[in-house]
Structures are given as structure tokens and as C-alpha cells.
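Read through the structure below, which is laid out as C-alpha cells, and then see the notes.
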Amino acid sequence: MKNYTSINDIDNIDTWISEAKEIKENPLKHKALGQDKTLGLLFFNSSLRTRLSTQKAALNLGMNPIVMNVSGDAWGIEFGDGTVMNGNTAEHIKEAAAVVSQYCDIIAVRAFPTLTDKAKDESEQVLKAFVEYASVPVVNMESATGHPLQGLTDALTISEHAKTSKPKVVLSWAPHVKALPHAVGNSFTQAMQKMDVDFVITNPEGYDLSPEITKDTPIIHNQEEALKDADFVYVKNWSSYDDYGKVLNTDPSWMITKEKLGDAKFMHCLPVRRNVIVEDAVLDSDSSLVIQQANNRTYAAQLVLKKILENG
Amino acid sequence: MKNYTSINDIDNIDTWISEAKEIKENPLKHKALGQDKTLGLLFFNSSLRTRLSTQKAALNLGMNPIVMNVSGDAWGIEFGDGTVMNGNTAEHIKEAAAVVSQYCDIIAVRAFPTLTDKAKDESEQVLKAFVEYASVPVVNMESATGHPLQGLTDALTISEHAKTSKPKVVLSWAPHVKALPHAVGNSFTQAMQKMDVDFVITNPEGYDLSPEITKDTPIIHNQEEALKDADFVYVKNWSSYDDYGKVLNTDPSWMITKEKLGDAKFMHCLPVRRNVIVEDAVLDSDSSLVIQQANNRTYAAQLVLKKILENG
Amino acid sequence: MKNYTSINDIDNIDTWISEAKEIKENPLKHKALGQDKTLGLLFFNSSLRTRLSTQKAALNLGMNPIVMNVSGDAWGIEFGDGTVMNGNTAEHIKEAAAVVSQYCDIIAVRAFPTLTDKAKDESEQVLKAFVEYASVPVVNMESATGHPLQGLTDALTISEHAKTSKPKVVLSWAPHVKALPHAVGNSFTQAMQKMDVDFVITNPEGYDLSPEITKDTPIIHNQEEALKDADFVYVKNWSSYDDYGKVLNTDPSWMITKEKLGDAKFMHCLPVRRNVIVEDAVLDSDSSLVIQQANNRTYAAQLVLKKILENG
């Protein structure tokens with residue numbers, strides 16, 4: 001594996017989960033592997049978990065992390081081909097990606113979607129430009145349409161907490177005041193499709209994720225029906241995909257409650273808005289796996305970095 | 001000691017000062033102690049000395065420091081209990097503190113007061129929330145009402161420069177154009193109350209610090225009288241405590257001059273506004289200990305981190 | 001060498017280039033030299049290459065880099081002598097520089113010019129204040145009038161790619177929409193004056209660099225004539241020096257094209273505005289050395305830090 005840009009880069013998710021569990025048991029075992037290597041973390045957007053867990057993963061592997069807030073610390077970056085750059089952008093991605101490759105052995109990038117320009121977002125302009133113009137491997141720390149470090153984390157967490165050989169996993173939409181990306185929902189869906197689980201998605205009408213992602217995964221517009229007998233309920237808001245980036249529905253009856261959850265485990269990638277996405281009673285109970293998920297972010301990132309370093 | 005949130009966490013200040021002096025003589029002696037441990041430094045507010053000295057202290061102990069500007073790098077954090085989070089905050093402190101605990105072995109936090117809501121500031125909402133919801137030790141890098149790394153630093157500096165067994169130490173208010181917190185004045189007062197010094201406070205009427213802090217320390221409203229025979233003059237502005245957060249007085253006659261200082265040593269936590277708080281002639285003379293204080297910030301932080309690591 | 005503030009600090013550029021080439025061949029050879037030493041990188045302005053390459057250089061030498069965005073992370077700094085600081089600045093450079101010296105073994109500073117106050121810019125207020133008030137060595141990461149890490153980089157790059165014993169090097173002005181500093185042009189000119197090259201500068205009338213920099217270097221106002229038989233064409237925009245900081249000319253006929261370049265190598269410090277400064281066809285061809293220059297930034301910085309550490 002050269003780059004890790006999508007869940008599709010995982011050749012065998014069961015093997016990866018086993019390897020992640022081994023890393024978690026002995027996180028410092030491969031500390032020599034990254035010695036004198038540098039991980040550049042480039043943030044076009046805010047980050048808490050990804051920022052800290054990816055640095056921690058790099059440190060566990062003996063790497064030196066270097067963090068840059070691209071917007072605040074550097075200049076506006078141009079992505080267009082052939083542009084006459086007499087506007088607000090001062091450096092072209094062709095130079096920026098090649099230059100960062102001179103100082104970093106791996107480049108990790110976070111760049112959110114516009115949520116206004118569907119074609120641009122689906123083209124994954126920023127991430128793909130780094131892959132194309134960087135001379136070193138690139139890791140996706142959440143792009144316009146995917147968050148594969150989170151998806152891998154979630155697969156690991158479900159594997160750790162599953163009590164049956166083929167658990168029922170439900171991805172449920174929940175209401176939110178702002179328009180949010182599809183990245184987490186997409187990568188979770190792709191990860192579940194690779195696992196031996198009984199997976200369904202539930203969301204209001206008008207909120208179906210891209211059919212290129214959901215494929216033949218059942219989408220049930222009745223939340224109560226979808227949640228029946230669930231072992232894991234993964235909750236996440238996203239804006240409409242069909243009416244791209246719009247908030248069509250904030251119906252609070254889609255919020256997850258303790259009653260709805262029943263005996264299932266609750267999962268969320270965080271940050272989560274309490275009493276909007278899910279009620280306090282769920283988050284403050286033992287049914288919630290959100291902190292374990294956050295913890296697993298380190299080991300998912302560490303597995304990805306390890307695989308890239310071993311390949312290099 | 002699990003957390004270091006206040007001068008009250010110092011069990012015996014004389015022992016601590018001795019230990020800090022030992023660290024200063026050989027700062028790298030305990031470099032193995034923090035190996036493969038991470039210190040998360042979370043800044044809700046600006047910082048120069050604290051930011052650099054705490055990182056330096058961590059490095060001297062072999063730790064990996066990870067710095068985050070919470071406001072700029074992440075999202076608005078919610079502290080209220082039971083809030084329906086459909087406003088500007090995107091993550092609750094319950095999740096944020098627990099999540100950061102997954103990546104960091106110690107969390108250090110800086111969060112200034114509002115200076116408009118006395119009850120909220122005195123409740124130490126941010127610091128206390130980290131102590132409650134983090135699963136790892138928490139260090140106060142200046143909170144609403146205290147700056148105990150500074151107070152410990154100042155105690156160490158006075159001990160190093162004292163020429164008598166019981167020096168006279170004066171904490172003097174000085175004028176300033178903006179409303180400043182009480183944190184430094186409070187922690188210095190608490191540190192002096194634990195040391196064998198002759199300690200008095202001088203400030204204009206209306207500027208007495210909280211009586212829960214000053215207790216039976218003499219407060220003298222006549223600066224000239226208070227400064228008589230002083231060995232150390234610690235200068236600091238703070239806004240009114242009674243008329244909470246207000247600037248009632250900017251009387252320049254309270255500025256410290258070389259004449260007023262006499263043979264005493266001048267101390268200030270920095271940053272200091274020259275010719276407002278103190279005249280150039282003092283800062284540019286050998287009477288000033290401000291740079292030695294800044295240097296001692298490293299050893300105070302290192303002692304605190306060492307004690308926490310040894311306890312862990 | 002105590003400080004590295006200007007190309008004038010290079011005693012023998014040929015020796016320095018040889019030493020930089022040795023470092024480039026074995027970048028980790030001197031990793032013990034910087035062990036337990038800290039490099040403070042203080043940014044008053046944006047940075048990509050300098051920020052990353054200087055950190056990478058420090059890491060290669062075993063140093064711990066600590067980065068600070070002075071404007072965002074700390075407070076306004078006062079540079080005036082005797083100022084009554086009751087305005088927007090909260091800390092005087094006398095304290096700031098002395099304080100940072102307590103935590104860092106070397107201080108690297110970036111501070112751009114005003115481009116409105118020629119006298120202030122030429123006085124190099126920020127850089128000189130750090131040199132004066134810091135108690136540790138200071139490295140210039142681009143100041144008002146010079147960028148000597150870039151100039152050293154460029155000398156190294158020309159030495160690596162020269163095919164004749166005395167190549168012809170042309171520094172050509174190119175158009176730009178914004179007023180840019182003279183720092184890169186100045187330091188490149190000074191570096192070339194120290195090397196055994198045939199060096200000329202070409203720019204429109206009204207754009208001559210300071211005569212104290214250019215000295216007896218030929219300045220040719222006809223670009224075509226200047227470019228004849230060039231081996232290296234170093235391109236850079238700068239605002240007018242005579243009509244200080246003004247954009248007098250944006251004539252696109254000064255843009256560098258593949259045709260103009262001929263067989264010469266193209267150089268630029270980056271970031272570069274494509275199709276304004278230079279056309280895509282040049283940057284996307286093998287004639288461009290810009291990525292090699294960016295790579296050499298690490299070794300130039302590493303040589304400077306190594307010399308300072310060896311001297312310390």
C-alpha cells in the first residue's frame with residue numbers, strides 16, 4: 001500500500017483488525033520503524049481527535065510529527081490547472097505538495113468538502129492533488145467524501161465488542177442544526193460492507209447517501225424498524241446528498257434515546273452534540289462506546305502508518 | 001499528588017523548593033521518567049512563557065509535548081450540564097476531556113476568567129471540568145483564579161535570592177489600562193502564606209483580593225508604608241475583585257520606580273507594560289529578577305510533572 | 001559565528017557550499033550534536049518551506065524544535081525605547097527575547113517588512129532587537145531586508161547544477177499583483193557577489209534594488225538582453241525600492257516563458273504565482289530547479305544550525 005485515501009485501500013479488513021489489535025496490545029513494539037522519519041500533518045480544517053491521535057500514532061512508531069494549519073500558517077493554495085494566479089491564491093498545489101514531500105516521509109491531509117459544489121467535492125480535488133503531486137505517501141485524515149481512519153477505527157471497535165459472530169449493525173442518521181459532510185457515513189458504510197455483519201442504514205427520505213457508496217446495503221426510512229434487534233447503533237448526521245449539502249429535516253424524533261437503543265451499543269465518531277444527536281442518558285451510560293472509539297483512533301492510524309513505512 | 005491545580009496542592013513548600021533546586025542543577029537527570037509519555041498542552045488563551053517553559057520541562061523529562069490551541073484548532077466546547085447543544089458549541093467537555101485522555105498521559109490546561117461573571121470564574125468551570133472528566137492527571141497552566149506554576153516559580157526565586165532568614169515580601173498592585181485577572185496575585189499570596197516570610201499586600205482601596213485568599217495577610221492601602229524595608233517587591237496589576245472585573249483606578253503614582261524600590265529586588269510574572277507598571281530604570285537594572293523568574297518557570301513545571309509521573 | 005542574520009555572516013561561501021553538500025549526503029551524521037537542545041522558531045508571518053525545512057534541519061541534528069506563531073499564540077510586542085506601554089503592545093522585546101532565551105538554545109525569527117516605512121524596515125528593528133536582547137544565537141528566517149537561508153540554499157543549488165566553471169546567472173524581476181519584499185532579491189544578490197559567477201540583474205526602470213546591495217553588479221533594464229546566454233535565471237518579484245513598497249508596473253511581458261528561458265535553468269524561492277511570474281510550461285519542465293531548491297533549504301538550515309551549535 002502506497003497511500004491510504006479510502007476504505008477501498010484495505011485489502012482484507014479482518015487481517016487489518018487483527019493487526020490493529022496486536023498494535024494495541026503493544027503500541028511501542030515498532031518504535032524503531034519510524035526512527036528519523038517525519039510525518040507532516042496538514043490541516044485545512046479544524047481537528048481534535050485526528051490531530052492528537054495521528055500524532056500519538058506517529059510518536060508510538062518513533063516518527064517525528066510536524067503539524068501545519070495550512071490556512072492560518074501558510075498561504076492560499078491553488079488547485080486549478082492552467083490558472084493565471086493573480087487572485088487570492090499564492091501557491092499551486094503542484095509546488096506545495098512536491099515541496100512538503102522534501103521534508104516529510106509521509107503526508108497526512110485533512111480537507112473538508114464545500115457542501116455546495118457536489119462535483120468538486122466528489123472529485124476529491126485536494127486529496128487527489130496531494131496524491132498526484134506529492135512524491136511521498138499520502139494519508140487521508142478526512143476528505144470531502146471519506147474518513148477512512150475513522151472507518152477502520154469503527155471496524156476495530158465493533159470487532160472488539162461483538163458478542164455474536166454476525167452482529168446487526170445499524171447506521172442511523174440523526175438531526176443536527178448545521179450542514180455536515182457525508183465522509184463519516186460513507187467510510188463507515190464501506191467498512192461494514194467489508195465485514196461479516198448484518199448491516200442496514202436508516203435515515204429520513206431525502207437523506208440517502210450516494211448510491212455509489214450504499215450499493216445493495218438496505219436503506220430503511222423507518223428508524224424504529226431499522227433499530228430492531230440491533231447490536232450496534234452508529235449514529236451520525238449528514239446533510240442531504242440528493243439536494244446536495246442542504247438541511248431538509250431537523251426532526252428531533254430521530255434523536256437516539258436510551259429507550260430506542262435498548263441493549264445495543266451506541267457509537268459516534270465525535271464531536272457529538274448532546275441532546276440533539278443523542279440524549280445524555282445514552283452517552284453517560286455503559287452502552288456508549290464513543291471513548292473506546294476515540295482511543296482506537298490511535299491504533300488505526302498506527303496500523304496505516306506502519307503499513308506505509310514497511311512498504312517504503 | 002494526582003493533579004496540580006492550585007498552590008494548595010503543595011504539601012510542603014520548603015521540600016518542593018529544595019527539589020526544584022536539585023532539578024535546576026541537573027535538569028536532564030530524570031529524562032528516562034517521561035520516556036514514551038505525552039503531555040497535552042491545551043490553550044484556550046494566549047501564552048508565551050507558559051507555552052515554552054512547560055514544553056521545555058516536558059522535554060527535559062523525556063516526554064513528548066503536543067500543543068493545541070483549542071479555540072483555533074478545534075471547536076467550541078460546551079460546559080453546561082444537560083444542555084441541548086443546538087448553538088455554537090460542538091463538543092461537550094465530558095467527551096473532550098475523556099478523549100484527550102486517550103492520547104495524553106498528562107493534560108495541562110490554560111483558561112482565563114471572563115472577568116464579568118464572578119460566580120462562573122470562582123467555580124473554575126473549565127479547570128474543574130477537566131479534572132472531573134479527564135482520566136489522566138491535570139495541570140493548571142493558569143485558570144480563572146490561580147496560576148500555581150507561577151506561584152511555585154516565585155517561591156523558588158525568592159528562596160534563591162533571599163539574604164535573610166525571613167525576608168520581607170511585598171505584593172504591590174500597579175496600574176494597567178486593561179482589566180486583568182486575579183490569578184497571579186492569588187497564587188503568589190497563597191505561596192507566600194506557606195513560606196517563612198514577612199508578607200504584606202498593598203493596593204488602592206477597592207482592589208483588595210478575595211478575602212478567602214488573603215485571609216490574615218495584612219493589606220495596606222498606603223504603598224509607601226508597605227514598601228518600607230522590603231526585600232522583595234512583587235508587582236502585578238489586577239482588576240477590582242469587589243466591583244468584579246472593573247478598572248476603578250489607573251493612578252500612575254502606583255507605578256514602581258527605582259526610588260520606591262530602594263534596595264529591594266523587583267519581581268513580576270511578565271508580560272509587563274514598561275513605564276505603566278514599572279519604569280525602565282527598574283527593569284534594566286540588576287534589581288530586577290524577572291528573567292530569573294522566567295527561567296525558573298521550567299524547573300517549577302518540571303517538578304510538578306515529575307511528581308505526577310512518579311505517582312502514576 | 002554566533003548569529004546568522006545575513007549573507008555577510010558567510011566567511012567563505014565555497015567552503016560553506018562544500019560543507020552543505022557533505023551534510024546532504026549524510027544528513028543524520030551529526031544527530032548527537034543537538035541532543036537535548038531546543039530550537040525556538042518564532043513566526044511573526046506565514047511560512048511553509050521555512051517552517052518545515054528548519055524544523056526538519058533541527059530534527060536531523062537531534063534538536064527539539066518548538067514553534068510559535070507570535071501574533072496568534074502570544075501578545076503584541078513593543079520595540080520602541082522608553083515607550084509608555086499603555087497601548088496595544090503588552091510585552092517589550094527586551095523581556096520577550098530574554099525570556100525565550102531561557103527555554104531555547106537557538107532562536108530563529110521570521111518578521112517581514114512593513115513596505116510602508118523604509119527607514120524602519122532598513123533598521124531591521126525586529127531581527128536586531130532579538131540579536132541585542134536574546135542571550136542565545138539568533139537565526140534569520142527572513143527579515144525585512146534579507147532571507148539568508150534562502151540565499152545560501154540558492155548558492156548551493158547553483159553549485160550543484162553548474163556545467164561550466166563560471167556560469168552566467170541572471171536575477172530577473174517578474175510582475176506580481178501585490179507589493180512584495182526585497183529580502184529574497186537582496187540575499188540572492190549578495191550570495192552571487194560572493195560566488196565565482198557572471199552575475200547580472202534585470203528589472204524595469206524604477207525597480208532597482210538598493211544600491212547598497214547591488215553595488216557594482218550590472219543592472220540591465222532590457223530583459224531580453226540580460227537573459228542572453230544565461231545558465232541560470234532566478235526569477236522574483238519585488239516592489240519598488242525607490243518609490244518604496246509601491247507596485248509601479250505589472251507588465252506581463254516580463255513574465256518568464258519557455259522561449260525566453262532557452263537552455264537555462266529556472267529558479268524561484270517559492271511560493272510562485274503560475275502564469276503571472278512564470279508560465280506553466282517552465283515549471284512543469286526539467287528546466288525548473290524549484291523543488292531542488294526547496295529540498296536544499298533543509299541542508300542550508302542544517303549547516304547554519306550546525307555551525308552555531310559547534311561554536312556554542
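So you can find residues: chains in the C-alpha cells are A, B, ... in the order shown, residues in each start at 1, and ligands are numbered from 1 in order.
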
Enumerate, in order of chain and increasing residue number, the residues of chain C with an atom no farther than 7 Å from chain A, each with its shortest atom pair and distance in Å to one decimal, counting only C-alpha atoms, as a tab-separated table.
residue	atom	partner	partner_atom	distance
C:Ser46	CA	A:Ala74	CA	4.8
C:Ser47	CA	A:Ala74	CA	5.0
C:Leu48	CA	A:Ala74	CA	5.4
C:Leu52	CA	A:Tyr103	CA	6.5
C:Ser53	CA	A:Tyr103	CA	6.1
C:Lys56	CA	A:Tyr103	CA	6.2
C:Val177	CA	A:Asn86	CA	6.1
C:Pro271	CA	A:Glu91	CA	5.0
C:Val272	CA	A:Glu91	CA	5.8
C:Arg273	CA	A:Met85	CA	5.2
C:Arg274	CA	A:Met85	CA	5.6
C:Asn275	CA	A:Val84	CA	4.8
C:Val276	CA	A:Val84	CA	6.1
C:Asp280	CA	A:Gly82	CA	6.8
C:Ile291	CA	A:Val99	CA	6.1
C:Ala294	CA	A:Val99	CA	6.0
C:Asn295	CA	A:Gln102	CA	5.2

Keeping only all heavy atoms, write the selected residues as a compact mmCIF listing (two decimals), in the first residue's frame.
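Output file selection_29.txt follows:
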# COMPACT_ATOMS: atom_id res chain seq x y z
N SER C 46 3.49 34.31 7.96
CA SER C 46 3.23 33.00 7.37
C SER C 46 4.51 32.35 6.86
O SER C 46 5.48 33.03 6.53
CB SER C 46 2.27 33.14 6.19
OG SER C 46 1.02 33.58 6.64
N SER C 47 4.46 31.04 6.75
CA SER C 47 5.63 30.30 6.30
C SER C 47 5.23 28.88 5.98
O SER C 47 4.43 28.29 6.69
CB SER C 47 6.69 30.30 7.41
OG SER C 47 7.77 29.47 7.06
N LEU C 48 5.76 28.33 4.91
CA LEU C 48 5.57 26.90 4.62
C LEU C 48 6.94 26.22 4.56
O LEU C 48 7.29 25.43 5.42
CB LEU C 48 4.82 26.70 3.29
CG LEU C 48 4.74 25.25 2.80
CD1 LEU C 48 3.93 24.39 3.74
CD2 LEU C 48 4.16 25.18 1.40
N LEU C 52 8.83 24.25 7.69
CA LEU C 52 9.07 22.81 7.64
C LEU C 52 10.55 22.47 7.53
O LEU C 52 11.06 21.58 8.21
CB LEU C 52 8.29 22.19 6.48
CG LEU C 52 6.76 22.27 6.55
CD1 LEU C 52 6.14 21.60 5.33
CD2 LEU C 52 6.23 21.61 7.82
N SER C 53 11.27 23.18 6.66
CA SER C 53 12.67 22.82 6.42
C SER C 53 13.54 23.11 7.63
O SER C 53 14.48 22.37 7.93
CB SER C 53 13.21 23.55 5.19
OG SER C 53 13.24 24.94 5.39
N LYS C 56 12.86 20.40 10.09
CA LYS C 56 13.50 19.17 9.62
C LYS C 56 15.01 19.23 9.88
O LYS C 56 15.62 18.24 10.33
CB LYS C 56 13.23 19.01 8.12
CG LYS C 56 13.85 17.79 7.47
CD LYS C 56 13.17 16.51 7.90
CE LYS C 56 13.75 15.30 7.18
NZ LYS C 56 13.19 14.05 7.68
N VAL C 177 0.87 40.86 -8.54
CA VAL C 177 -0.24 41.76 -8.22
C VAL C 177 -0.08 42.51 -6.91
O VAL C 177 -0.68 43.56 -6.70
CB VAL C 177 -1.58 40.98 -8.19
CG1 VAL C 177 -2.04 40.67 -9.60
CG2 VAL C 177 -1.43 39.68 -7.39
N PRO C 271 6.73 30.69 -2.54
CA PRO C 271 5.66 30.31 -3.45
C PRO C 271 5.70 31.17 -4.72
O PRO C 271 6.09 32.33 -4.66
CB PRO C 271 4.39 30.61 -2.65
CG PRO C 271 4.76 31.72 -1.74
CD PRO C 271 6.20 31.44 -1.37
N VAL C 272 5.28 30.56 -5.83
CA VAL C 272 5.30 31.28 -7.11
C VAL C 272 3.90 31.28 -7.72
O VAL C 272 3.20 30.27 -7.69
CB VAL C 272 6.31 30.63 -8.08
CG1 VAL C 272 5.92 29.20 -8.47
CG2 VAL C 272 6.48 31.49 -9.33
N ARG C 273 3.49 32.42 -8.23
CA ARG C 273 2.18 32.50 -8.90
C ARG C 273 2.35 32.09 -10.34
O ARG C 273 3.00 32.79 -11.13
CB ARG C 273 1.62 33.92 -8.77
CG ARG C 273 1.13 34.21 -7.35
CD ARG C 273 0.67 35.64 -7.19
NE ARG C 273 0.19 35.87 -5.84
CZ ARG C 273 -1.08 36.10 -5.52
NH1 ARG C 273 -2.00 36.15 -6.47
NH2 ARG C 273 -1.43 36.29 -4.27
N ARG C 274 1.75 30.97 -10.70
CA ARG C 274 1.85 30.43 -12.06
C ARG C 274 1.16 31.34 -13.06
O ARG C 274 0.11 31.89 -12.80
CB ARG C 274 1.22 29.04 -12.11
CG ARG C 274 2.11 27.95 -11.48
CD ARG C 274 1.42 26.62 -11.45
NE ARG C 274 2.39 25.57 -11.12
CZ ARG C 274 2.81 24.64 -11.99
NH1 ARG C 274 2.33 24.60 -13.22
NH2 ARG C 274 3.71 23.75 -11.62
N ASN C 275 1.77 31.47 -14.21
CA ASN C 275 1.22 32.25 -15.32
C ASN C 275 1.12 33.75 -15.00
O ASN C 275 0.44 34.49 -15.70
CB ASN C 275 -0.12 31.68 -15.79
CG ASN C 275 0.03 30.20 -16.14
OD1 ASN C 275 0.94 29.84 -16.89
ND2 ASN C 275 -0.81 29.34 -15.57
N VAL C 276 1.81 34.15 -13.94
CA VAL C 276 1.96 35.57 -13.63
C VAL C 276 3.46 35.88 -13.59
O VAL C 276 3.96 36.73 -14.31
CB VAL C 276 1.29 35.93 -12.27
CG1 VAL C 276 1.55 37.37 -11.89
CG2 VAL C 276 -0.22 35.64 -12.33
N ASP C 280 3.33 27.98 -16.95
CA ASP C 280 3.28 26.57 -16.58
C ASP C 280 4.37 25.75 -17.28
O ASP C 280 5.01 24.88 -16.65
CB ASP C 280 1.92 25.96 -16.97
CG ASP C 280 0.80 26.33 -16.02
OD1 ASP C 280 1.11 26.72 -14.88
OD2 ASP C 280 -0.38 26.23 -16.41
N ILE C 291 11.98 22.67 -7.04
CA ILE C 291 11.80 21.66 -5.99
C ILE C 291 13.16 21.28 -5.39
O ILE C 291 13.28 21.07 -4.17
CB ILE C 291 11.06 20.42 -6.55
CG1 ILE C 291 9.70 20.84 -7.16
CG2 ILE C 291 10.86 19.36 -5.47
CD1 ILE C 291 8.79 21.60 -6.21
N ALA C 294 13.88 23.89 -2.91
CA ALA C 294 13.11 23.65 -1.68
C ALA C 294 13.78 22.57 -0.84
O ALA C 294 13.90 22.69 0.39
CB ALA C 294 11.67 23.28 -2.02
N ASN C 295 14.23 21.51 -1.50
CA ASN C 295 14.91 20.43 -0.79
C ASN C 295 16.18 20.94 -0.11
O ASN C 295 16.47 20.61 1.04
CB ASN C 295 15.25 19.31 -1.77
CG ASN C 295 15.87 18.11 -1.08
OD1 ASN C 295 15.57 17.82 0.08
ND2 ASN C 295 16.76 17.42 -1.78

*Among region 35-269 of chain B, which ones does DSSP place in helix (DSSP H, G or I), written as an NGL selection string?*
:B and (49-60 or 70-73 or 93-103 or 118-122 or 125-133 or 148-161 or 183-194 or 211-214 or 223-227 or 252-254 or 258-261)

*Using only C-alpha atoms, determine which residues lie at most 7 Å from Tyr4 (chain A), disregarding the query and same-chain residues fewer than 6 positions distant; provide the list as a PyMOL selection string.*
chain A and resi 138-140
